[in-house]
file target_5.csv (CSV, C-alpha atoms and all ligand atoms)
chain,number,residue,atom,x,y,z
X,15,MET,CA,0.5,-14.9,22.3
X,16,ALA,CA,3.1,-14.5,19.5
X,17,ILE,CA,1.0,-12.3,17.2
X,18,GLU,CA,0.4,-10.0,20.2
X,19,ALA,CA,4.2,-9.8,20.6
X,20,ILE,CA,4.6,-8.8,16.9
X,21,TYR,CA,1.9,-6.1,17.5
X,22,GLN,CA,3.8,-4.9,20.5
X,23,ALA,CA,7.1,-4.9,18.7
X,24,VAL,CA,5.7,-2.3,16.2
X,25,LEU,CA,4.3,-0.2,19.0
X,26,ASN,CA,7.7,-0.4,20.8
X,27,HIS,CA,9.6,0.4,17.5
X,28,ASP,CA,11.6,-2.8,17.8
X,29,HIS,CA,12.8,-3.1,14.2
X,30,LEU,CA,15.4,-5.7,15.1
X,31,GLY,CA,13.4,-7.9,17.5
X,32,ILE,CA,10.4,-8.0,15.1
X,33,VAL,CA,12.4,-9.9,12.5
X,34,ASP,CA,12.9,-12.8,14.8
X,35,LEU,CA,9.4,-12.8,16.1
X,36,VAL,CA,7.8,-12.8,12.6
X,37,ALA,CA,10.3,-15.5,11.3
X,38,ARG,CA,9.5,-17.7,14.3
X,39,GLU,CA,5.7,-17.4,13.6
X,40,VAL,CA,6.2,-18.2,9.9
X,41,GLU,CA,8.3,-21.3,10.8
X,42,ALA,CA,5.7,-22.4,13.2
X,43,GLY,CA,3.2,-22.5,10.3
X,44,ARG,CA,1.1,-19.5,11.3
X,45,ASP,CA,-1.0,-18.1,8.5
X,46,VAL,CA,1.0,-15.2,7.0
X,47,THR,CA,-2.1,-13.1,6.4
X,48,ALA,CA,-3.0,-13.4,10.1
X,49,ILE,CA,0.5,-12.1,11.0
X,50,LEU,CA,0.1,-9.3,8.5
X,51,ASN,CA,-3.4,-8.2,9.5
X,52,HIS,CA,-3.6,-8.9,13.2
X,53,GLY,CA,0.0,-8.2,14.0
X,54,LEU,CA,1.5,-5.6,11.7
X,55,ILE,CA,-1.4,-3.7,10.2
X,56,ALA,CA,-3.4,-3.7,13.4
X,57,ALA,CA,-0.4,-2.1,15.2
X,58,MET,CA,-0.1,0.6,12.5
X,59,ASP,CA,-3.8,1.4,13.0
X,60,GLU,CA,-3.2,1.8,16.7
X,61,VAL,CA,-0.2,4.1,15.9
X,62,GLY,CA,-2.5,6.2,13.7
X,63,LYS,CA,-5.0,6.4,16.5
X,64,ARG,CA,-2.4,7.5,19.0
X,65,PHE,CA,-1.1,10.1,16.6
X,66,GLY,CA,-4.6,11.4,16.0
X,67,ALA,CA,-5.1,11.6,19.7
X,68,GLY,CA,-1.9,13.6,20.1
X,69,THR,CA,-0.2,11.1,22.4
X,70,ILE,CA,2.6,10.3,20.0
X,71,TYR,CA,4.4,12.4,17.3
X,72,ILE,CA,5.8,12.1,13.8
X,73,PRO,CA,9.1,10.6,14.8
X,74,ASP,CA,7.2,7.9,16.7
X,75,MET,CA,5.2,7.1,13.5
X,76,LEU,CA,8.4,6.9,11.5
X,77,VAL,CA,10.1,4.4,13.8
X,78,ALA,CA,6.9,2.3,14.1
X,79,ALA,CA,6.8,2.3,10.3
X,80,ARG,CA,10.4,1.1,10.2
X,81,ALA,CA,9.5,-1.8,12.5
X,82,MET,CA,6.5,-2.6,10.4
X,83,ARG,CA,8.6,-2.7,7.2
X,84,ALA,CA,11.1,-4.9,8.8
X,85,GLY,CA,8.3,-7.4,9.7
X,86,VAL,CA,6.8,-7.1,6.2
X,87,GLU,CA,10.2,-7.9,4.6
X,88,VAL,CA,10.2,-11.3,6.5
X,89,LEU,CA,6.7,-12.0,5.1
X,90,ARG,CA,7.6,-10.9,1.6
X,91,PRO,CA,8.7,-14.2,0.1
X,92,HIS,CA,5.7,-15.9,1.6
X,93,LEU,CA,3.2,-13.4,0.2
X,94,ALA,CA,4.8,-13.5,-3.3
X,95,ARG,CA,4.5,-16.8,-5.0
X,96,ASN,CA,6.2,-16.8,-8.4
X,97,ASN,CA,3.8,-17.3,-11.3
X,98,VAL,CA,5.4,-18.0,-14.6
X,99,ARG,CA,3.4,-15.9,-17.0
X,100,SER,CA,2.7,-12.2,-16.3
X,101,GLN,CA,-1.0,-11.4,-15.6
X,102,GLY,CA,-0.5,-7.9,-17.0
X,103,THR,CA,1.5,-4.8,-16.2
X,104,VAL,CA,0.5,-2.4,-13.5
X,105,VAL,CA,2.1,1.0,-12.8
X,106,MET,CA,1.7,2.0,-9.2
X,107,GLY,CA,2.6,5.0,-7.0
X,108,THR,CA,1.5,7.2,-4.2
X,109,VAL,CA,0.1,10.5,-5.5
X,110,LYS,CA,1.9,13.9,-5.5
X,111,GLY,CA,2.3,15.4,-2.1
X,112,ASP,CA,1.9,12.1,-0.3
X,113,LEU,CA,4.8,10.2,1.2
X,114,HIS,CA,3.0,7.2,2.7
X,115,ASP,CA,4.2,4.0,1.1
X,116,ILE,CA,3.5,1.0,3.4
X,117,GLY,CA,0.1,0.3,2.0
X,118,LYS,CA,1.3,0.8,-1.6
X,119,ASN,CA,4.2,-1.6,-1.0
X,120,LEU,CA,1.8,-4.2,0.4
X,121,VAL,CA,-0.4,-3.9,-2.6
X,122,ILE,CA,2.6,-4.3,-4.8
X,123,MET,CA,3.7,-7.4,-3.0
X,124,MET,CA,0.3,-9.0,-3.3
X,125,LEU,CA,0.1,-8.1,-7.0
X,126,GLU,CA,3.6,-9.5,-7.7
X,127,GLY,CA,2.6,-12.6,-5.8
X,128,ALA,CA,-0.4,-13.0,-8.1
X,129,GLY,CA,1.8,-12.8,-11.1
X,130,PHE,CA,1.5,-9.2,-12.3
X,131,THR,CA,4.5,-7.2,-13.5
X,132,ILE,CA,4.7,-4.0,-11.4
X,133,ILE,CA,6.4,-0.7,-12.2
X,134,ASP,CA,6.8,1.0,-8.8
X,135,LEU,CA,7.0,4.8,-9.1
X,136,GLY,CA,7.4,5.3,-5.4
X,137,VAL,CA,5.8,8.2,-3.5
X,138,ASP,CA,5.0,11.8,-4.4
X,139,VAL,CA,4.4,10.9,-8.0
X,140,PRO,CA,3.4,13.7,-10.4
X,141,ASN,CA,0.5,13.1,-12.9
X,142,GLU,CA,2.9,13.1,-15.9
X,143,LYS,CA,5.0,10.4,-14.4
X,144,PHE,CA,2.0,8.0,-14.1
X,145,LEU,CA,1.2,8.8,-17.8
X,146,THR,CA,4.8,8.3,-19.1
X,147,ALA,CA,5.3,5.1,-17.2
X,148,ALA,CA,2.0,3.7,-18.4
X,149,ALA,CA,2.9,4.5,-22.0
X,150,GLU,CA,6.5,3.3,-21.9
X,151,ASN,CA,5.6,0.0,-20.2
X,152,LYS,CA,2.4,-0.6,-22.1
X,153,ALA,CA,0.6,-0.9,-18.8
X,154,GLU,CA,-3.0,-2.0,-18.8
X,155,LEU,CA,-3.6,-0.6,-15.3
X,156,VAL,CA,-2.5,2.3,-13.2
X,157,ALA,CA,-2.9,2.0,-9.4
X,158,MET,CA,-2.8,5.0,-7.1
X,159,SER,CA,-2.6,5.3,-3.4
X,160,ALA,CA,-3.4,8.3,-1.1
X,161,LEU,CA,-3.3,8.4,2.6
X,162,LEU,CA,-4.1,12.0,3.3
X,163,THR,CA,-7.4,13.8,3.0
X,164,THR,CA,-5.4,16.6,1.5
X,165,THR,CA,-4.1,14.4,-1.3
X,166,MET,CA,-7.5,13.1,-2.3
X,167,PRO,CA,-8.1,16.1,-4.6
X,168,THR,CA,-4.7,15.4,-6.1
X,169,MET,CA,-5.8,11.9,-6.8
X,170,GLU,CA,-8.9,13.2,-8.4
X,171,LYS,CA,-6.8,15.4,-10.7
X,172,ALA,CA,-4.4,12.6,-11.5
X,173,VAL,CA,-7.3,10.3,-12.5
X,174,ALA,CA,-8.8,13.0,-14.7
X,175,PHE,CA,-5.4,13.7,-16.3
X,176,LEU,CA,-4.8,10.1,-17.1
X,177,LYS,CA,-8.3,9.5,-18.5
X,178,ARG,CA,-7.9,12.6,-20.7
X,179,GLU,CA,-4.4,11.8,-22.0
X,180,LYS,CA,-4.7,8.1,-22.3
X,181,PRO,CA,-8.4,7.1,-22.5
X,182,GLY,CA,-7.8,3.4,-22.8
X,183,VAL,CA,-5.9,3.0,-19.5
X,184,LYS,CA,-7.7,1.6,-16.4
X,185,VAL,CA,-7.2,3.2,-13.0
X,186,MET,CA,-7.7,1.7,-9.6
X,187,VAL,CA,-7.4,3.6,-6.4
X,188,GLY,CA,-7.0,3.0,-2.7
X,189,GLY,CA,-5.6,4.2,0.6
X,190,ALA,CA,-7.2,4.7,4.1
X,191,PRO,CA,-9.3,7.8,3.4
X,192,VAL,CA,-10.4,6.6,-0.1
X,193,THR,CA,-13.9,5.0,-0.4
X,194,GLU,CA,-15.8,3.3,-3.1
X,195,ALA,CA,-18.1,6.3,-3.5
X,196,PHE,CA,-15.1,8.7,-3.8
X,197,ALA,CA,-13.5,6.4,-6.4
X,198,LYS,CA,-16.7,6.4,-8.5
X,199,ARG,CA,-17.1,10.1,-8.2
X,200,ILE,CA,-13.6,10.8,-9.5
X,201,GLY,CA,-14.0,8.5,-12.4
X,202,ALA,CA,-11.7,5.7,-11.3
X,203,ASP,CA,-12.4,2.2,-12.7
X,204,GLY,CA,-12.0,0.5,-9.4
X,205,TYR,CA,-11.5,0.8,-5.6
X,206,GLY,CA,-9.9,-1.7,-3.3
X,207,GLY,CA,-10.1,-1.6,0.5
X,208,ASP,CA,-7.0,-3.7,1.1
X,209,ALA,CA,-4.1,-5.4,-0.6
X,210,ALA,CA,-5.9,-8.7,-1.0
X,211,ALA,CA,-8.8,-6.9,-2.7
X,212,ALA,CA,-6.4,-5.2,-5.1
X,213,VAL,CA,-5.6,-8.6,-6.7
X,214,GLY,CA,-9.1,-9.5,-7.7
X,215,LEU,CA,-9.8,-6.0,-8.8
X,216,ALA,CA,-6.7,-5.9,-11.0
X,217,ARG,CA,-7.6,-9.2,-12.6
X,218,GLY,CA,-11.1,-8.0,-13.3
X,219,LEU,CA,-10.0,-4.7,-14.7
X,220,ILE,CA,-7.3,-6.1,-17.0
X,221,GLN,CA,-9.6,-8.9,-18.3
X,222,ALA,CA,-12.5,-6.5,-18.9
X,301,LIG,C1,3.1,5.5,9.1
X,301,LIG,C2,2.4,6.8,8.9
X,301,LIG,C3,3.2,7.9,8.5
X,301,LIG,C4,4.7,7.8,8.1
X,301,LIG,C5,4.7,7.2,6.7
X,301,LIG,C6,5.9,6.2,6.5
X,301,LIG,C7,5.8,5.5,5.2
X,301,LIG,N1,6.9,5.1,4.7
X,301,LIG,O1,4.7,5.2,4.7
X,301,LIG,C8,5.1,9.3,8.2
X,301,LIG,C9,5.7,9.6,9.5
X,301,LIG,C10,6.2,9.7,7.1
X,301,LIG,C11,3.8,10.0,8.1
X,301,LIG,C12,3.8,11.4,7.7
X,301,LIG,C13,2.6,12.1,7.7
X,301,LIG,N2,1.4,11.7,8.2
X,301,LIG,CO1,1.0,9.8,8.4
X,301,LIG,N3,0.4,8.1,9.0
X,301,LIG,C14,1.0,7.0,9.2
X,301,LIG,C15,0.0,5.9,9.7
X,301,LIG,C16,0.3,5.8,11.2
X,301,LIG,C17,0.0,4.5,9.1
X,301,LIG,C18,-0.2,4.5,7.6
X,301,LIG,C19,0.1,3.1,7.2
X,301,LIG,O2,1.2,2.7,6.7
X,301,LIG,N4,-0.9,2.2,7.4
X,301,LIG,C20,-0.8,0.7,7.2
X,301,LIG,C21,-1.1,0.4,5.7
X,301,LIG,C22,-0.9,-1.1,5.5
X,301,LIG,O3,-2.4,0.8,5.4
X,301,LIG,P1,-2.9,1.7,4.2
X,301,LIG,O4,-1.8,2.6,3.8
X,301,LIG,O5,-4.2,2.2,4.4
X,301,LIG,O6,-3.0,0.6,3.0
X,301,LIG,C23,-3.9,-0.4,2.9
X,301,LIG,C24,-5.2,0.0,2.2
X,301,LIG,O7,-5.6,1.3,2.4
X,301,LIG,C25,-5.0,-0.5,0.8
X,301,LIG,N5,-4.4,0.4,-0.2
X,301,LIG,C26,-3.5,1.4,0.0
X,301,LIG,N6,-3.2,2.0,-1.2
X,301,LIG,C27,-3.9,1.3,-2.1
X,301,LIG,C28,-4.0,1.5,-3.5
X,301,LIG,C29,-4.8,0.7,-4.2
X,301,LIG,C30,-4.9,0.9,-5.7
X,301,LIG,C31,-5.6,-0.3,-3.6
X,301,LIG,C32,-6.5,-1.2,-4.4
X,301,LIG,C33,-5.5,-0.5,-2.2
X,301,LIG,C34,-4.7,0.4,-1.5
X,301,LIG,O8,-4.2,-1.6,0.9
X,301,LIG,C35,-3.3,-1.4,2.0
X,301,LIG,C36,-3.0,-2.8,2.6
X,301,LIG,O9,-4.1,-3.5,3.0
X,301,LIG,C37,-1.4,6.6,9.4
X,301,LIG,C38,-2.6,6.2,10.3
X,301,LIG,C39,-3.4,5.1,9.6
X,301,LIG,N7,-4.0,4.3,10.4
X,301,LIG,O10,-3.6,5.1,8.4
X,301,LIG,C40,-1.0,8.1,9.5
X,301,LIG,C41,-1.8,9.2,8.8
X,301,LIG,C42,-2.2,8.7,7.4
X,301,LIG,N8,-0.9,10.3,8.7
X,301,LIG,C43,-1.5,11.4,8.9
X,301,LIG,C44,-0.8,12.7,8.8
X,301,LIG,C45,-1.6,13.9,9.2
X,301,LIG,C46,0.5,12.7,8.4
X,301,LIG,C47,1.4,14.0,8.2
X,301,LIG,C48,0.6,15.2,7.5
X,301,LIG,C49,1.8,14.5,9.6
X,301,LIG,C50,2.5,15.9,9.6
X,301,LIG,N9,1.9,16.8,10.3
X,301,LIG,O11,3.5,16.1,9.0
X,301,LIG,C51,2.6,13.6,7.4
X,301,LIG,C52,2.3,13.7,5.9
X,301,LIG,C53,3.6,13.4,5.1
X,301,LIG,C54,3.2,13.4,3.6
X,301,LIG,N10,3.4,14.5,2.9
X,301,LIG,O12,2.7,12.3,3.1
X,301,LIG,C55,-2.9,11.3,9.2
X,301,LIG,C56,-3.8,11.7,8.0
X,301,LIG,C57,-5.0,12.5,8.4
X,301,LIG,C58,-5.8,12.9,7.3
X,301,LIG,N11,-7.1,13.0,7.5
X,301,LIG,O13,-5.4,13.2,6.2
X,301,LIG,C59,-3.1,9.8,9.6
X,301,LIG,C60,-4.4,9.1,9.3
X,301,LIG,C61,-2.8,9.8,11.1
X,301,LIG,C62,-3.9,10.4,12.0
X,301,LIG,N12,-4.7,9.6,12.7
X,301,LIG,O14,-4.0,11.6,12.0
X,301,LIG,N13,2.8,9.2,8.4
call {"tool": "encode", "arguments": {"input": "target_5.csv", "output": "structure tokens"}}
result
Amino acid sequence: MAIEAIYQAVLNHDHLGIVDLVAREVEAGRDVTAILNHGLIAAMDEVGKRFGAGTIYIPDMLVAARAMRAGVEVLRPHLARNNVRSQGTVVMGTVKGDLHDIGKNLVIMMLEGAGFTIIDLGVDVPNEKFLTAAAENKAELVAMSALLTTTMPTMEKAVAFLKREKPGVKVMVGGAPVTEAFAKRIGADGYGGDAAAAVGLARGLIQA
């Protein structure tokens, strides 16, 4: 099955072959969300499990991530439909000390597709940078991603800092170790479990 081949291409670090595999599936009319979730994201989950179990190492994660990104790039134009009027401005970044950006980039793609204007601050973003970017761009919403349990306290500090320095701004958070309960506890306005959830959440928070 072709989605299985895409899954295997991530696990085999095939960043060249995957481009063709994904493009062929898209042309064949396969649902792009299925390619994303069952092919690309499922494979990264497996990579994470293998890393956790000690059967693969950081360089393996990196090359798998490169293959994943190559596949996501093919999907990008199909995930991002162009809406004419901006739904609002969102500043997004991965918190200080955290270099994971695949999930953040997917959230950005979905938000862009839904018509939001995105200011992407990248990874390892200091608290002050979230604040300055939100102020300079008159953003209604700041979105933060964290993938490490060790950067969850950093996220907590970042939310507290923003709420203190710019009380009107809304903050939504996400990332594999982040939960709804954690988001509530640290005073975030919203939590999204995946990139699709981020869209409804952003709409709700900006309209509120
Ligand atoms: C790829 C990867 C890497 C790559 C990152 C490449 C890149 N450009 O991002 C590299 C090799 C650099 C890396 C490094 C490290 N990693 Co790493 N990594 C992963 C891996 C395998 C996949 C992450 C990923 O991209 N998932 C796919 C995306 C699509 O999922 P996601 O990020 O969760 O995002 C989705 C949702 O969470 C949500 N979302 C995400 N952000 C947001 C934000 C908002 C606002 C919303 C609404 C939603 C949302 O939407 C996304 C799409 O649906 C995970 C394992 C895993 N399964 O998570 C480990 C993992 C996160 N890494 C781990 C570790 C330990 C590390 C290192 C510390 C290893 C080391 N010893 O150096 C370093 C840390 C470097 C640093 N300072 O950040 C651990 C974390 C353990 C823990 N408890 O904290 C994990 C869980 C692996 C494991 N099983 O042990 N890693």
call {"tool": "closest_atom_pairs", "arguments": {"input": "target_5.csv", "of": "chain X", "to": "ligand LIG 301 (chain X)", "cutoff": "6 Å", "atoms": "all atoms listed in the file", "output": "JSON lines"}}
result
{"residue": "X:Ile55", "atom": "CA", "partner": "X:LIG301", "partner_atom": "C20", "distance": 5.4}
{"residue": "X:Met58", "atom": "CA", "partner": "X:LIG301", "partner_atom": "C17", "distance": 5.2}
{"residue": "X:Asp59", "atom": "CA", "partner": "X:LIG301", "partner_atom": "N7", "distance": 3.9}
{"residue": "X:Val61", "atom": "CA", "partner": "X:LIG301", "partner_atom": "C16", "distance": 5.0}
{"residue": "X:Gly62", "atom": "CA", "partner": "X:LIG301", "partner_atom": "C38", "distance": 3.4}
{"residue": "X:Lys63", "atom": "CA", "partner": "X:LIG301", "partner_atom": "N12", "distance": 5.0}
{"residue": "X:Phe65", "atom": "CA", "partner": "X:LIG301", "partner_atom": "N12", "distance": 5.3}
{"residue": "X:Gly66", "atom": "CA", "partner": "X:LIG301", "partner_atom": "N12", "distance": 3.8}
{"residue": "X:Ile72", "atom": "CA", "partner": "X:LIG301", "partner_atom": "C9", "distance": 5.0}
{"residue": "X:Met75", "atom": "CA", "partner": "X:LIG301", "partner_atom": "C9", "distance": 4.7}
{"residue": "X:Leu76", "atom": "CA", "partner": "X:LIG301", "partner_atom": "C9", "distance": 4.3}
{"residue": "X:Ala79", "atom": "CA", "partner": "X:LIG301", "partner_atom": "C1", "distance": 5.0}
{"residue": "X:Gly111", "atom": "CA", "partner": "X:LIG301", "partner_atom": "N10", "distance": 5.2}
{"residue": "X:Asp112", "atom": "CA", "partner": "X:LIG301", "partner_atom": "O12", "distance": 3.5}
{"residue": "X:Leu113", "atom": "CA", "partner": "X:LIG301", "partner_atom": "O12", "distance": 3.5}
{"residue": "X:His114", "atom": "CA", "partner": "X:LIG301", "partner_atom": "O1", "distance": 3.3}
{"residue": "X:Asp115", "atom": "CA", "partner": "X:LIG301", "partner_atom": "O1", "distance": 3.8}
{"residue": "X:Ile116", "atom": "CA", "partner": "X:LIG301", "partner_atom": "O2", "distance": 4.4}
{"residue": "X:Gly117", "atom": "CA", "partner": "X:LIG301", "partner_atom": "O6", "distance": 3.3}
{"residue": "X:Lys118", "atom": "CA", "partner": "X:LIG301", "partner_atom": "N6", "distance": 4.7}
{"residue": "X:Leu120", "atom": "CA", "partner": "X:LIG301", "partner_atom": "C36", "distance": 5.5}
{"residue": "X:Val121", "atom": "CA", "partner": "X:LIG301", "partner_atom": "O8", "distance": 5.7}
{"residue": "X:Ala157", "atom": "CA", "partner": "X:LIG301", "partner_atom": "C30", "distance": 4.3}
{"residue": "X:Met158", "atom": "CA", "partner": "X:LIG301", "partner_atom": "C30", "distance": 4.8}
{"residue": "X:Ser159", "atom": "CA", "partner": "X:LIG301", "partner_atom": "N6", "distance": 4.0}
{"residue": "X:Leu161", "atom": "CA", "partner": "X:LIG301", "partner_atom": "C42", "distance": 4.9}
{"residue": "X:Leu162", "atom": "CA", "partner": "X:LIG301", "partner_atom": "O13", "distance": 3.4}
{"residue": "X:Thr163", "atom": "CA", "partner": "X:LIG301", "partner_atom": "O13", "distance": 3.8}
{"residue": "X:Thr164", "atom": "CA", "partner": "X:LIG301", "partner_atom": "O13", "distance": 5.8}
{"residue": "X:Met186", "atom": "CA", "partner": "X:LIG301", "partner_atom": "C30", "distance": 4.9}
{"residue": "X:Val187", "atom": "CA", "partner": "X:LIG301", "partner_atom": "C30", "distance": 3.7}
{"residue": "X:Gly188", "atom": "CA", "partner": "X:LIG301", "partner_atom": "C28", "distance": 3.4}
{"residue": "X:Gly189", "atom": "CA", "partner": "X:LIG301", "partner_atom": "O7", "distance": 3.4}
{"residue": "X:Ala190", "atom": "CA", "partner": "X:LIG301", "partner_atom": "O5", "distance": 3.9}
{"residue": "X:Tyr205", "atom": "CA", "partner": "X:LIG301", "partner_atom": "C32", "distance": 5.5}
{"residue": "X:Gly206", "atom": "CA", "partner": "X:LIG301", "partner_atom": "C32", "distance": 3.6}
{"residue": "X:Gly207", "atom": "CA", "partner": "X:LIG301", "partner_atom": "C25", "distance": 5.2}
{"residue": "X:Asp208", "atom": "CA", "partner": "X:LIG301", "partner_atom": "O9", "distance": 3.5}
{"residue": "X:Ala209", "atom": "CA", "partner": "X:LIG301", "partner_atom": "O9", "distance": 4.1}
{"residue": "X:Ala212", "atom": "CA", "partner": "X:LIG301", "partner_atom": "C32", "distance": 4.1}
call {"tool": "closest_residue", "arguments": {"input": "target_5.csv", "among": "X:Val185, X:Gly136, X:Phe196, X:Thr108", "to": "X:Ala160", "atoms": "all atoms listed in the file"}}
result
X:Thr108
call {"tool": "atom_distance", "arguments": {"input": "target_5.csv", "atom1": "atom CA of X:His27", "atom2": "atom CA of X:Asn119"}}
result
19.4 Å
call {"tool": "closest_residue", "arguments": {"input": "target_5.csv", "among": "X:Gly182, X:Pro91, X:Gly85, X:Gly201", "to": "X:Ala57", "atoms": "all atoms listed in the file"}}
result
X:Gly85
call {"tool": "atom_distance", "arguments": {"input": "target_5.csv", "atom1": "atom CA of X:Leu89", "atom2": "atom CA of X:Glu194"}}
result
28.4 Å
call {"tool": "closest_residue", "arguments": {"input": "target_5.csv", "among": "X:Thr165, X:Gly129, X:Phe175, X:Leu25", "to": "X:Lys143", "atoms": "all atoms listed in the file"}}
result
X:Phe175
call {"tool": "closest_residue", "arguments": {"input": "target_5.csv", "among": "X:Ala67, X:Ala195, X:Ala216, X:Val36", "to": "X:Val105", "atoms": "all atoms listed in the file"}}
result
X:Ala216
call {"tool": "atom_distance", "arguments": {"input": "target_5.csv", "atom1": "atom CA of X:Asn51", "atom2": "atom CA of X:Glu126"}}
result
18.6 Å
call {"tool": "residues_near_point", "arguments": {"input": "target_5.csv", "point": "(-5.6, 11.2, -22.1)", "cutoff": "12 Å", "atoms": "all atoms listed in the file", "output": "list in words"}}
result
Asn141, Glu142, Phe144, Leu145, Thr146, Ala148, Ala149, Ala172, Val173, Ala174, Phe175, Leu176, Lys177, Arg178, Glu179, Lys180, Pro181, Gly182, Val183 and Lys184 of chain X
call {"tool": "residues_around", "arguments": {"input": "target_5.csv", "residues": "X:Val46", "least_positions_apart": "3", "cutoff": "8 Å", "atoms": "all atoms listed in the file", "output": "number ranges by chain"}}
result
X: 40, 49-50, 89, 92-93
call {"tool": "closest_residue", "arguments": {"input": "target_5.csv", "among": "X:Val88, X:Ile70, X:Arg64, X:Ala78", "to": "X:Glu41", "atoms": "only C-alpha atoms"}}
result
X:Val88
call {"tool": "residues_around", "arguments": {"input": "target_5.csv", "residues": "X:Val213", "least_positions_apart": "4", "cutoff": "7 Å", "atoms": "only C-alpha atoms", "output": "list in words"}}
result
Met124, Leu125, Ala128 and Arg217 of chain X
